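Enquirer: Here you go, one structure.
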Amino acid sequence: MTCFTSDFFVEDADVWRPQIWKMIRKRSDLTFLMITKRIDRLAICVPDDWGEGYEHVTICCTIENQKQADYRLPIYQSAPIRHKILICEPLLSPINLSPYLGEWVEQVVVGGESGKEARVCKYEWILDIRTLCMEKNVSFWFKQTGYHFQREGKLYSVPRQYQHSQARRAGINFESVKE
């Protein structure tokens, strides 16, 4: 994972990012995973030899609501990246991914927001995304519930240490079948 607690395309990283690209080129034996909400900066942040992307680099685009999906996903879909994962986290409202979801997406990850000040994540939003992923044969991973999690009208406060395990217990992950 690259910049686990930050965004690889944040403006403050412009100074040191070329050094990291150099290391990434050298270490083609590793897989690099980058998560960003700044997909609109991709074109100015990739190295000159990027082409259609490096085979060992996956760039994930985060989207938290429909407004951000409608802004970021057209940019992301057309971006020269070999491996793409959508991350709907923190999921803050329903998101209709149907205009965007297709074979260009390898996986969709969904999760609620952590922390006691977190906004509510509703299970029905997660299930709607999962259903679409299954219809489009795109892998789906329910990563975490978030702190405030609503299911069947009941609101739960899930401590951080249980958010991932509670998501796993739902048993709704889906692995696509590629032909």
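Letters A, B, ... mark the chains of the structure tokens in the order given; residue numbers begin at 1 per chain; ligand numbers begin at 1, in order shown.
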I'd like the neighbourhood of Gln77 (chain A) as a PyMOL selection string, where a residue qualifies if any of its atoms comes within 9 Å (using only C-alpha atoms), though same-chain residues fewer than 6 positions away should be ignored.
Expert: chain A and resi 84+100+104-105
Enquirer: Report as a tab-separated table: every residue of region 51-160 of chain A with an atom at most 10 Å from region 23-35 of chain A, its closest pair of atoms, and their distance in Å to one decimal, counting only C-alpha atoms, with rows sorted by chain and ascending residue number.
Expert:
residue	atom	partner	partner_atom	distance
A:Tyr54	CA	A:Arg25	CA	8.2
A:Glu55	CA	A:Ser28	CA	8.2
A:His56	CA	A:Thr31	CA	4.7
A:Val57	CA	A:Phe32	CA	4.7
A:Thr58	CA	A:Leu33	CA	4.9
A:Ile59	CA	A:Met34	CA	4.8
A:Cys60	CA	A:Ile35	CA	4.6
A:Cys61	CA	A:Ile35	CA	6.0
A:Thr62	CA	A:Ile35	CA	7.0
A:His83	CA	A:Leu33	CA	9.4
A:Lys84	CA	A:Leu33	CA	9.7
A:Ile85	CA	A:Ile35	CA	8.9
A:Leu86	CA	A:Ile35	CA	9.3
A:Ile87	CA	A:Ile35	CA	8.3
Enquirer: Report, in Å with one decimal, the straight-line distance from CA of Gly102 (chain A) to CA of Trp50 (chain A).
Expert: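 Straight-line distance from CA of Gly102 (chain A) to CA of Trp50 (chain A) works out to 23.4 Å.
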Enquirer: At a cut-off of 6 Å, can you tabulate as CSV every residue of region 36-118 of chain A near region 137-150 of chain A together with its closest atom pair and the distance in Å to one decimal, using only C-alpha atoms and ordering rows by chain then number?
Expert:
residue,atom,partner,partner_atom,distance
A:Gln107,CA,A:Ser139,CA,4.5
A:Val108,CA,A:Phe140,CA,4.9
A:Val109,CA,A:Trp141,CA,4.8
A:Val110,CA,A:Phe142,CA,5.0
A:Gly111,CA,A:Gln144,CA,4.6
A:Gly112,CA,A:Gly146,CA,3.8
A:Glu113,CA,A:Gly146,CA,4.4
A:Ser114,CA,A:Gly146,CA,4.8
A:Gly115,CA,A:Tyr147,CA,5.9
Enquirer: Save the residues we just selected, all heavy atoms, as a compact mmCIF listing (two decimals), in the first residue's frame?
Expert:
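What follows is the written file part.txt:
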# COMPACT_ATOMS: atom_id res chain seq x y z
N GLN A 107 -12.76 -4.47 -8.93
CA GLN A 107 -13.40 -4.73 -7.65
C GLN A 107 -14.04 -3.44 -7.14
O GLN A 107 -13.58 -2.34 -7.45
CB GLN A 107 -12.37 -5.23 -6.63
CG GLN A 107 -12.95 -5.59 -5.28
CD GLN A 107 -11.89 -6.08 -4.32
OE1 GLN A 107 -10.82 -5.48 -4.18
NE2 GLN A 107 -12.17 -7.18 -3.64
N VAL A 108 -15.09 -3.60 -6.33
CA VAL A 108 -15.68 -2.49 -5.60
C VAL A 108 -15.59 -2.83 -4.12
O VAL A 108 -15.98 -3.92 -3.69
CB VAL A 108 -17.16 -2.25 -6.00
CG1 VAL A 108 -17.78 -1.16 -5.13
CG2 VAL A 108 -17.27 -1.88 -7.48
N VAL A 109 -15.03 -1.90 -3.35
CA VAL A 109 -14.89 -2.05 -1.90
C VAL A 109 -15.84 -1.04 -1.26
O VAL A 109 -15.90 0.11 -1.67
CB VAL A 109 -13.43 -1.76 -1.46
CG1 VAL A 109 -13.30 -1.85 0.05
CG2 VAL A 109 -12.47 -2.70 -2.16
N VAL A 110 -16.57 -1.49 -0.24
CA VAL A 110 -17.55 -0.62 0.41
C VAL A 110 -17.34 -0.67 1.92
O VAL A 110 -17.07 -1.73 2.49
CB VAL A 110 -18.99 -1.07 0.08
CG1 VAL A 110 -20.03 -0.21 0.79
CG2 VAL A 110 -19.23 -1.04 -1.41
N GLY A 111 -17.48 0.49 2.57
CA GLY A 111 -17.36 0.53 4.02
C GLY A 111 -17.89 1.82 4.60
O GLY A 111 -17.96 2.84 3.91
N GLY A 112 -18.27 1.76 5.85
CA GLY A 112 -18.75 2.94 6.56
C GLY A 112 -17.60 3.75 7.13
O GLY A 112 -16.43 3.37 7.03
N GLU A 113 -17.96 4.84 7.75
CA GLU A 113 -16.98 5.78 8.33
C GLU A 113 -16.68 5.39 9.78
O GLU A 113 -17.58 5.08 10.55
CB GLU A 113 -17.56 7.19 8.26
CG GLU A 113 -16.61 8.28 8.64
CD GLU A 113 -17.19 9.67 8.38
OE1 GLU A 113 -18.41 9.86 8.52
OE2 GLU A 113 -16.40 10.56 8.03
N SER A 114 -15.41 5.46 10.15
CA SER A 114 -14.98 5.12 11.51
C SER A 114 -15.01 6.35 12.41
O SER A 114 -15.06 7.47 11.93
CB SER A 114 -13.57 4.55 11.49
OG SER A 114 -13.54 3.36 10.76
N GLY A 115 -14.96 6.12 13.69
CA GLY A 115 -14.92 7.20 14.68
C GLY A 115 -16.30 7.51 15.22
O GLY A 115 -17.30 7.36 14.54
Enquirer: Hey, can you check how far CA of Val120 (chain A) sits from CA of Leu92 (chain A)?
Expert: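 Between these atoms lies a distance of 6.8 Å.
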Enquirer: What does the distance between CA of Glu124 (chain A) and CA of Tyr76 (chain A) come to in Å, to one decimal place?
Expert: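 These two atoms are separated by 25.6 Å.
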Enquirer: For Lys22 (chain A), which residue among A:Asp70, A:Asp48, A:Arg38, A:Val177 is the nearest when counting only C-alpha atoms?
Expert: A:Asp48
Enquirer: Looking at only C-alpha atoms, which of A:Gln19, A:Glu11, A:Asp49, A:Arg82 is the one that sits closest to Thr36 (chain A)?
Expert: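 Comparing A:Gln19, A:Glu11, A:Asp49, A:Arg82 against Thr36 (chain A), the winner is A:Glu11.
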Enquirer: Name the residues of chain A that fall into strand (DSSP E or B) according to DSSP on the backbone, using the chain letters and numbers of this document, as a PDB file with C-alpha atoms, in the first residue's frame.
Expert:
ATOM      1  CA  THR A   2       1.388   3.391  -0.953  1.00  0.00           C
ATOM      2  CA  PHE A  32       1.705  -1.213  -5.443  1.00  0.00           C
ATOM      3  CA  LEU A  33      -1.754  -0.105  -4.357  1.00  0.00           C
ATOM      4  CA  MET A  34      -2.588   3.602  -4.383  1.00  0.00           C
ATOM      5  CA  ILE A  35      -5.812   5.062  -3.039  1.00  0.00           C
ATOM      6  CA  THR A  36      -6.904   8.527  -4.133  1.00  0.00           C
ATOM      7  CA  VAL A  57       0.349  -0.700  -9.949  1.00  0.00           C
ATOM      8  CA  THR A  58      -3.323  -0.603  -8.952  1.00  0.00           C
ATOM      9  CA  ILE A  59      -4.886   2.803  -8.501  1.00  0.00           C
ATOM     10  CA  CYS A  60      -8.073   2.920  -6.451  1.00  0.00           C
ATOM     11  CA  CYS A  61     -10.505   5.830  -6.678  1.00  0.00           C
ATOM     12  CA  THR A  62     -12.585   6.680  -3.622  1.00  0.00           C
ATOM     13  CA  HIS A  83      -5.775  -2.090 -12.612  1.00  0.00           C
ATOM     14  CA  LYS A  84      -8.713  -0.179 -11.136  1.00  0.00           C
ATOM     15  CA  ILE A  85     -10.647  -0.641  -7.901  1.00  0.00           C
ATOM     16  CA  LEU A  86     -13.535   1.569  -6.764  1.00  0.00           C
ATOM     17  CA  ILE A  87     -13.633   2.309  -3.059  1.00  0.00           C
ATOM     18  CA  CYS A  88     -16.986   3.535  -1.740  1.00  0.00           C
ATOM     19  CA  GLN A 107     -13.404  -4.728  -7.652  1.00  0.00           C
ATOM     20  CA  VAL A 108     -15.684  -2.488  -5.604  1.00  0.00           C
ATOM     21  CA  VAL A 109     -14.888  -2.046  -1.904  1.00  0.00           C
ATOM     22  CA  VAL A 110     -17.552  -0.623   0.415  1.00  0.00           C
ATOM     23  CA  GLY A 111     -17.361   0.529   4.022  1.00  0.00           C
ATOM     24  CA  CYS A 121     -23.852   4.036   6.838  1.00  0.00           C
ATOM     25  CA  LYS A 122     -26.972   2.097   5.846  1.00  0.00           C
ATOM     26  CA  SER A 139     -15.952  -8.463  -7.391  1.00  0.00           C
ATOM     27  CA  PHE A 140     -17.434  -6.873  -4.259  1.00  0.00           C
ATOM     28  CA  TRP A 141     -15.903  -6.553  -0.796  1.00  0.00           C
ATOM     29  CA  PHE A 142     -17.805  -5.266   2.241  1.00  0.00           C
ATOM     30  CA  LYS A 143     -14.782  -4.049   4.190  1.00  0.00           C
ATOM     31  CA  GLN A 144     -16.212  -2.478   7.335  1.00  0.00           C
ATOM     32  CA  HIS A 148     -22.770   4.208  13.041  1.00  0.00           C
ATOM     33  CA  PHE A 149     -24.305   1.367  11.063  1.00  0.00           C
ATOM     34  CA  GLN A 150     -28.006   1.070  10.279  1.00  0.00           C
ATOM     35  CA  ARG A 151     -29.576  -2.259   9.350  1.00  0.00           C
ATOM     36  CA  LYS A 154     -31.956  -0.284  13.775  1.00  0.00           C
ATOM     37  CA  LEU A 155     -28.899   1.897  14.422  1.00  0.00           C
ATOM     38  CA  TYR A 156     -25.807   0.185  15.812  1.00  0.00           C
ATOM     39  CA  SER A 157     -22.678   1.780  17.286  1.00  0.00           C
ATOM     40  CA  PHE A 174     -18.738 -11.592  -4.072  1.00  0.00           C
TER      41      PHE A 174
END
Enquirer: I need the residues in chain A that are alpha helix (DSSP H) according to DSSP; give them as number ranges by chain.
Expert: A: 17-26, 42-45, 66-78, 123-136, 160-170
Enquirer: From the list A:Ile81, A:Leu97, A:Leu42, A:Glu175, which residue is nearest Ile63 (chain A) when using only C-alpha atoms?
Expert: A:Leu97
Enquirer: Calculated over only C-alpha atoms, which of the candidates A:Ile126, A:Ile75, A:Ile20, A:Ala43 has the smallest distance to Leu91 (chain A)?
Expert: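 Of all the options, A:Ile126 lies closest to Leu91 (chain A).
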